[in-house]
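Here is the structure we will look at, set down as structure tokens.
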Amino acid sequence: DAVTVTGIVQSGAGSVLVSAGATMTLTDDVTSVGGAITLSATTIDLDDTTDDALAISSGGGGGDVTLNAPVDAVGATADSLTLTAGSGNVVIPSAVGGGARLGALTIASAANVAGDAGATADTGTITAATVTQTAGTGTSRFAQIDTNAAGGVDLNGAAFALNGGVTTTAGGALTVTNSGTLTIADTTGPADTATVDINLDGAFTQDGAGGVSVAGDIATTNDAVSFAAPVTVFGDTGVDAGSATITFGNTVSGTSGGEIEDLTINSVGDTGS
């Protein structure tokens with residue numbers, strides 16, 4: 001049966017498990033003090049009529065936050081969603097916003113962010129106004145991300161894998177601050193340069209100390225592209241900034257496996273380091 005969750009606060013030890021055989025509608029926050037939170041249903045609908053902002057938080061105690069269903073914002077105003085797992089994992093195996101786009105999606109803290117707790121699978125596709133990850137200590141593996149507001153995508157944490165591409169509109173930028181490796185995959189294959197994998201209506205900025213491993217193609221609408229860390233190219237890759245600048249602030253190299261990778265740069269502005 002369908003279930004409406006009007007808010008859960010778990011103030012003692014223990015986990016929170018809510019399961020519905022049909023649609024689960026969230027109208028208020030779900031929180032625990034370190035215990036894992038698992039929500040399972042055919043779909044999870046967000047509909048907070050008070051402030052259009054929902055939070056699911058296990059605090060800082062290491063409990064995973066798992067959403068075992070597609071998540072959609074169904075209210076008159078698209079609800080925002082904040083996920084907090086502390087030292088636990090954020091597990092999102094299904095699409096978020098695929099049926100009805102979310103407002104702002106924020107991952108406030110997590111170890112891994114992925115389709116499973118061990119980060120061996122990507123999240124489901126994410127469709128939201130903006131996507132922000134404030135902190136992460138493990139690996140964040142994202143399938144396709146699509147945003148339509150000026151805030152774009154802002155990712156802060158350790159290792160990131162962008163395996164499904166990123167699309168932004170409304171001037172949205174993509175900023176990645178990574179202490180581990182940032183991997184940008186080619187969504188169709190390492191020899192493809194026809195498909196733009198990171199397609200931005202704003203700037204691309206990689207400003208973390210971790211390295212970058214890239215095979216996916218990056219294009220902006222005349223907005224700057226910059227890499228602060230060493231870049232390794234592991235597939236035929238194109239970087240197109242139109243009339244804006246492309247900056248490599250460190251080394252650019254191919255892989256050591258013997259295959260020759262192509263890097264194509266298109267910029268009417270200055271290109272250099």
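Every chain in the structure tokens takes a letter, A first, then B, and so on in the order presented; its residues are numbered from 1, and the ligands are numbered from 1 following the presented order.
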
Original post:
Which residues come within 9 Å of A:Ser87, counting only C-alpha atoms, excluding same-chain residues fewer than 3 positions away, as a list in words?
Top reply: Gly59, Gly60, Gly61, Gly62, Gly63, Asp64, Ser109, Ala110, Ala111, Asn112, Gly136 and Thr137 of chain A

Selection to disk with N, CA, C and O atoms, as a PDB file, in the first residue's frame:
ATOM      1  N   GLY A  59      22.918  11.674  10.805  1.00  0.00           N
ATOM      2  CA  GLY A  59      23.853  12.335  11.702  1.00  0.00           C
ATOM      3  C   GLY A  59      25.288  12.027  11.329  1.00  0.00           C
ATOM      4  O   GLY A  59      25.621  11.788  10.177  1.00  0.00           O
ATOM      5  N   GLY A  60      26.160  12.011  12.316  1.00  0.00           N
ATOM      6  CA  GLY A  60      27.571  11.770  12.043  1.00  0.00           C
ATOM      7  C   GLY A  60      28.061  10.420  12.498  1.00  0.00           C
ATOM      8  O   GLY A  60      29.266  10.170  12.511  1.00  0.00           O
ATOM      9  N   GLY A  61      27.170   9.524  12.859  1.00  0.00           N
ATOM     10  CA  GLY A  61      27.574   8.284  13.495  1.00  0.00           C
ATOM     11  C   GLY A  61      27.854   7.118  12.591  1.00  0.00           C
ATOM     12  O   GLY A  61      28.100   6.009  13.067  1.00  0.00           O
ATOM     13  N   GLY A  62      27.789   7.295  11.291  1.00  0.00           N
ATOM     14  CA  GLY A  62      28.191   6.217  10.399  1.00  0.00           C
ATOM     15  C   GLY A  62      27.062   5.416   9.799  1.00  0.00           C
ATOM     16  O   GLY A  62      27.321   4.429   9.088  1.00  0.00           O
ATOM     17  N   GLY A  63      25.825   5.795  10.020  1.00  0.00           N
ATOM     18  CA  GLY A  63      24.713   5.073   9.418  1.00  0.00           C
ATOM     19  C   GLY A  63      24.527   5.447   7.955  1.00  0.00           C
ATOM     20  O   GLY A  63      24.551   6.626   7.598  1.00  0.00           O
ATOM     21  N   ASP A  64      24.337   4.429   7.097  1.00  0.00           N
ATOM     22  CA  ASP A  64      24.084   4.696   5.686  1.00  0.00           C
ATOM     23  C   ASP A  64      22.705   5.321   5.486  1.00  0.00           C
ATOM     24  O   ASP A  64      21.763   5.042   6.241  1.00  0.00           O
ATOM     25  N   SER A 109      27.250  15.235   3.627  1.00  0.00           N
ATOM     26  CA  SER A 109      28.412  14.462   4.083  1.00  0.00           C
ATOM     27  C   SER A 109      28.174  12.993   3.794  1.00  0.00           C
ATOM     28  O   SER A 109      27.037  12.516   3.809  1.00  0.00           O
ATOM     29  N   ALA A 110      29.264  12.283   3.524  1.00  0.00           N
ATOM     30  CA  ALA A 110      29.187  10.848   3.260  1.00  0.00           C
ATOM     31  C   ALA A 110      30.591  10.300   3.162  1.00  0.00           C
ATOM     32  O   ALA A 110      31.563  11.044   2.958  1.00  0.00           O
ATOM     33  N   ALA A 111      30.712   8.985   3.299  1.00  0.00           N
ATOM     34  CA  ALA A 111      31.929   8.294   2.885  1.00  0.00           C
ATOM     35  C   ALA A 111      31.813   8.102   1.375  1.00  0.00           C
ATOM     36  O   ALA A 111      32.280   8.922   0.603  1.00  0.00           O
ATOM     37  N   ASN A 112      31.121   7.031   0.943  1.00  0.00           N
ATOM     38  CA  ASN A 112      30.873   6.820  -0.480  1.00  0.00           C
ATOM     39  C   ASN A 112      29.510   7.371  -0.880  1.00  0.00           C
ATOM     40  O   ASN A 112      28.567   7.368  -0.082  1.00  0.00           O
ATOM     41  N   GLY A 136      32.952  14.548   1.242  1.00  0.00           N
ATOM     42  CA  GLY A 136      32.970  13.108   1.029  1.00  0.00           C
ATOM     43  C   GLY A 136      34.371  12.585   1.288  1.00  0.00           C
ATOM     44  O   GLY A 136      35.354  13.201   0.881  1.00  0.00           O
ATOM     45  N   THR A 137      34.470  11.451   1.979  1.00  0.00           N
ATOM     46  CA  THR A 137      35.779  10.908   2.330  1.00  0.00           C
ATOM     47  C   THR A 137      36.147   9.677   1.517  1.00  0.00           C
ATOM     48  O   THR A 137      37.277   9.207   1.591  1.00  0.00           O
TER      49      THR A 137
END

Original post:
Which of these, A:Thr195, A:Thr66, A:Thr31, A:Thr255, has the shortest distance to A:Ser11 once you count only C-alpha atoms?
Top reply: A:Thr31

**OP:** Find the residues around stretch 154-169 of chain A up to 8 Å (only C-alpha atoms counted), leave out those fewer than 2 positions away in its own chain, and share them as a PyMOL selection string.
**Re:** chain A and resi 122+125+131-152+171-187+197-202+210+216

Could the residues in this selection be written to a file with N, CA and C atoms, as a compact mmCIF listing (two decimals), in the first residue's frame?
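Here's the written file result.txt:
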# COMPACT_ATOMS: atom_id res chain seq x y z
N ASP A 122 27.41 2.85 -10.06
CA ASP A 122 27.06 4.27 -10.11
C ASP A 122 25.71 4.52 -9.45
N THR A 125 20.56 8.02 -12.40
CA THR A 125 20.66 9.34 -13.01
C THR A 125 20.06 10.39 -12.07
N VAL A 131 23.07 20.45 -8.15
CA VAL A 131 23.61 19.30 -7.40
C VAL A 131 24.87 19.77 -6.68
N THR A 132 24.89 19.57 -5.36
CA THR A 132 26.04 19.97 -4.55
C THR A 132 26.44 18.82 -3.63
N GLN A 133 27.71 18.49 -3.62
CA GLN A 133 28.25 17.62 -2.58
C GLN A 133 29.22 18.44 -1.77
N THR A 134 28.92 18.59 -0.49
CA THR A 134 29.72 19.44 0.39
C THR A 134 30.96 18.73 0.89
N ALA A 135 30.84 17.43 1.17
CA ALA A 135 31.97 16.69 1.72
C ALA A 135 31.82 15.21 1.40
N GLY A 136 32.95 14.55 1.24
CA GLY A 136 32.97 13.11 1.03
C GLY A 136 34.37 12.59 1.29
N THR A 137 34.47 11.45 1.98
CA THR A 137 35.78 10.91 2.33
C THR A 137 36.15 9.68 1.52
N GLY A 138 35.21 9.15 0.74
CA GLY A 138 35.46 7.95 -0.05
C GLY A 138 35.37 8.24 -1.54
N THR A 139 34.57 7.41 -2.22
CA THR A 139 34.40 7.53 -3.67
C THR A 139 32.96 7.91 -3.98
N SER A 140 32.79 8.91 -4.83
CA SER A 140 31.47 9.31 -5.31
C SER A 140 31.38 8.94 -6.78
N ARG A 141 30.46 8.03 -7.12
CA ARG A 141 30.30 7.53 -8.49
C ARG A 141 28.94 7.97 -9.01
N PHE A 142 28.94 8.85 -9.97
CA PHE A 142 27.69 9.39 -10.49
C PHE A 142 27.43 8.89 -11.90
N ALA A 143 26.18 8.51 -12.15
CA ALA A 143 25.70 8.35 -13.51
C ALA A 143 25.38 9.74 -14.04
N GLN A 144 24.55 9.85 -15.03
CA GLN A 144 24.26 11.14 -15.65
C GLN A 144 23.70 12.15 -14.65
N ILE A 145 24.22 13.39 -14.72
CA ILE A 145 23.71 14.50 -13.92
C ILE A 145 23.19 15.57 -14.87
N ASP A 146 21.98 16.07 -14.60
CA ASP A 146 21.37 17.11 -15.43
C ASP A 146 20.82 18.19 -14.51
N THR A 147 21.29 19.45 -14.69
CA THR A 147 20.79 20.56 -13.88
C THR A 147 20.28 21.67 -14.79
N ASN A 148 19.39 22.51 -14.23
CA ASN A 148 18.80 23.60 -15.04
C ASN A 148 18.75 24.93 -14.31
N ALA A 149 19.61 25.13 -13.32
CA ALA A 149 19.68 26.41 -12.61
C ALA A 149 21.12 26.89 -12.57
N ALA A 150 21.29 28.17 -12.24
CA ALA A 150 22.61 28.80 -12.33
C ALA A 150 23.64 28.16 -11.42
N GLY A 151 23.20 27.52 -10.34
CA GLY A 151 24.15 26.90 -9.42
C GLY A 151 24.89 25.71 -10.00
N GLY A 152 24.33 25.08 -11.02
CA GLY A 152 25.00 23.97 -11.69
C GLY A 152 25.36 22.84 -10.77
N GLY A 171 23.33 28.76 -17.42
CA GLY A 171 24.60 29.28 -16.94
C GLY A 171 25.28 28.42 -15.90
N GLY A 172 24.81 27.22 -15.69
CA GLY A 172 25.35 26.36 -14.64
C GLY A 172 26.77 25.89 -14.94
N ALA A 173 27.63 26.00 -13.95
CA ALA A 173 29.01 25.57 -14.06
C ALA A 173 29.17 24.18 -13.43
N LEU A 174 30.32 23.56 -13.68
CA LEU A 174 30.72 22.33 -13.00
C LEU A 174 32.05 22.61 -12.32
N THR A 175 32.06 22.50 -10.98
CA THR A 175 33.28 22.69 -10.20
C THR A 175 33.53 21.43 -9.39
N VAL A 176 34.75 20.90 -9.47
CA VAL A 176 35.12 19.71 -8.72
C VAL A 176 36.36 20.02 -7.90
N THR A 177 36.24 19.88 -6.58
CA THR A 177 37.37 20.05 -5.67
C THR A 177 37.66 18.67 -5.08
N ASN A 178 38.65 18.00 -5.61
CA ASN A 178 38.91 16.59 -5.30
C ASN A 178 40.27 16.41 -4.67
N SER A 179 40.31 15.68 -3.56
CA SER A 179 41.59 15.31 -2.96
C SER A 179 42.09 13.98 -3.49
N GLY A 180 41.17 13.15 -4.00
CA GLY A 180 41.52 11.92 -4.69
C GLY A 180 41.42 12.13 -6.20
N THR A 181 41.32 11.04 -6.93
CA THR A 181 41.29 11.13 -8.39
C THR A 181 39.89 11.49 -8.89
N LEU A 182 39.83 12.42 -9.83
CA LEU A 182 38.62 12.71 -10.59
C LEU A 182 38.70 11.97 -11.92
N THR A 183 37.74 11.08 -12.16
CA THR A 183 37.68 10.34 -13.42
C THR A 183 36.49 10.82 -14.23
N ILE A 184 36.75 11.22 -15.47
CA ILE A 184 35.70 11.64 -16.38
C ILE A 184 35.66 10.62 -17.51
N ALA A 185 34.64 9.78 -17.51
CA ALA A 185 34.56 8.69 -18.47
C ALA A 185 33.94 9.16 -19.78
N ASP A 186 34.27 8.47 -20.85
CA ASP A 186 33.57 8.64 -22.11
C ASP A 186 32.33 7.77 -22.06
N THR A 187 31.16 8.38 -22.22
CA THR A 187 29.91 7.65 -22.02
C THR A 187 29.60 6.68 -23.15
N ASP A 197 30.47 14.64 -23.51
CA ASP A 197 30.10 13.98 -22.25
C ASP A 197 29.85 14.98 -21.13
N ILE A 198 30.67 16.03 -21.06
CA ILE A 198 30.48 17.11 -20.08
C ILE A 198 30.06 18.34 -20.89
N ASN A 199 28.77 18.61 -20.93
CA ASN A 199 28.20 19.64 -21.81
C ASN A 199 27.64 20.76 -20.94
N LEU A 200 28.37 21.86 -20.85
CA LEU A 200 28.10 22.87 -19.83
C LEU A 200 27.69 24.21 -20.43
N ASP A 201 26.74 24.86 -19.75
CA ASP A 201 26.37 26.24 -20.08
C ASP A 201 27.09 27.21 -19.14
N GLY A 202 28.16 26.75 -18.55
CA GLY A 202 28.99 27.56 -17.65
C GLY A 202 30.40 27.01 -17.68
N GLY A 210 43.89 16.49 -6.03
CA GLY A 210 43.92 15.15 -6.61
C GLY A 210 44.07 15.20 -8.12
N GLY A 216 36.40 11.46 -21.36
CA GLY A 216 35.19 12.10 -21.85
C GLY A 216 35.47 13.48 -22.42

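Nearest to A:Ala241 of all the residues A:Glu261, A:Asn222, A:Val212, A:Val65 is A:Asn222, based on only C-alpha atoms.
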
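Every protein or nucleic acid residue with an atom no more than 7 Å from A:Thr237, counting only C-alpha atoms and leaving out same-chain residues fewer than 2 positions away, appears here: Thr193, Ala215, Gly216, Asp217, Gly235, Val239, Asp262, Leu263 and Thr264 of chain A.
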
Original post:
Where does DSSP see strand (DSSP E) in stretch 170-262 of chain A, if you list the residues as a PyMOL selection string?
Top reply: chain A and resi 174-178+182-184+198-200+204-206+212-214+218-220+225-227+231-233+237-242+246-248+252-254

Original post:
From the list A:Val33, A:Ala22, A:Ala119, A:Leu46, which residue is nearest A:Thr6 when using only C-alpha atoms?
Top reply: A:Leu46

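Each of A:Val9, A:Ile92, A:Ala114, A:Leu81 was compared to A:Ser58 using only C-alpha atoms, and A:Val9 turns out to be the nearest.
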
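Considering only C-alpha atoms, the residue among A:Ala95, A:Ala55, A:Val225, A:Ala69 positioned nearest to A:Ala20 is A:Ala69.
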
Original post:
In terms of the shortest atom-to-atom distance over only C-alpha atoms, which of A:Val30, A:Val90, A:Val153, A:Ala76 is closest to A:Ser15?
Top reply: A:Val30

Closest contacts (stretch 215-238 of chain A/stretch 244-250 of chain A, max 9 Å, only C-alpha atoms) as a Markdown table:
| residue | atom | partner | partner_atom | distance |
| --- | --- | --- | --- | --- |
| A:Thr220 | CA | A:Ala244 | CA | 8.8 |
| A:Thr221 | CA | A:Ala244 | CA | 8.6 |
| A:Asn222 | CA | A:Ala244 | CA | 5.0 |
| A:Asp223 | CA | A:Ala244 | CA | 5.2 |
| A:Ala224 | CA | A:Thr245 | CA | 4.9 |
| A:Val225 | CA | A:Ile246 | CA | 4.7 |
| A:Ser226 | CA | A:Thr247 | CA | 4.6 |
| A:Phe227 | CA | A:Phe248 | CA | 5.0 |
| A:Ala228 | CA | A:Gly249 | CA | 4.7 |
| A:Ala229 | CA | A:Asn250 | CA | 5.5 |
| A:Pro230 | CA | A:Asn250 | CA | 4.9 |
| A:Val231 | CA | A:Asn250 | CA | 7.3 |

Atoms kept (N, CA and C atoms) for selection, written as an mmCIF file, in the first residue's frame:
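result.cif was written with the following content:
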data_model
loop_
_atom_site.group_PDB
_atom_site.id
_atom_site.type_symbol
_atom_site.label_atom_id
_atom_site.label_comp_id
_atom_site.auth_asym_id
_atom_site.auth_seq_id
_atom_site.Cartn_x
_atom_site.Cartn_y
_atom_site.Cartn_z
ATOM 1 N N THR A 220 31.997 23.809 -23.291
ATOM 2 C CA THR A 220 31.269 24.878 -22.617
ATOM 3 C C THR A 220 30.768 25.863 -23.663
ATOM 4 N N THR A 221 29.830 26.710 -23.263
ATOM 5 C CA THR A 221 29.323 27.745 -24.166
ATOM 6 C C THR A 221 30.141 29.018 -23.957
ATOM 7 N N ASN A 222 31.372 28.974 -24.470
ATOM 8 C CA ASN A 222 32.293 30.110 -24.370
ATOM 9 C C ASN A 222 32.607 30.468 -22.917
ATOM 10 N N ASP A 223 32.796 29.437 -22.109
ATOM 11 C CA ASP A 223 33.174 29.612 -20.706
ATOM 12 C C ASP A 223 34.473 28.871 -20.453
ATOM 13 N N ALA A 224 35.247 29.379 -19.491
ATOM 14 C CA ALA A 224 36.595 28.871 -19.250
ATOM 15 C C ALA A 224 36.593 27.423 -18.771
ATOM 16 N N VAL A 225 37.666 26.719 -19.139
ATOM 17 C CA VAL A 225 37.934 25.361 -18.666
ATOM 18 C C VAL A 225 39.296 25.390 -17.991
ATOM 19 N N SER A 226 39.386 24.870 -16.760
ATOM 20 C CA SER A 226 40.675 24.891 -16.069
ATOM 21 C C SER A 226 40.878 23.639 -15.239
ATOM 22 N N PHE A 227 42.112 23.143 -15.281
ATOM 23 C CA PHE A 227 42.553 21.996 -14.479
ATOM 24 C C PHE A 227 43.722 22.446 -13.618
ATOM 25 N N ALA A 228 43.635 22.250 -12.311
ATOM 26 C CA ALA A 228 44.741 22.594 -11.422
ATOM 27 C C ALA A 228 45.709 21.437 -11.243
ATOM 28 N N ALA A 229 45.212 20.210 -11.311
ATOM 29 C CA ALA A 229 46.009 19.026 -10.991
ATOM 30 C C ALA A 229 46.538 18.374 -12.264
ATOM 31 N N PRO A 230 47.482 17.438 -12.138
ATOM 32 C CA PRO A 230 47.948 16.685 -13.308
ATOM 33 C C PRO A 230 46.800 15.947 -13.988
ATOM 34 N N VAL A 231 46.820 15.950 -15.323
ATOM 35 C CA VAL A 231 45.769 15.334 -16.130
ATOM 36 C C VAL A 231 46.358 14.154 -16.896
#
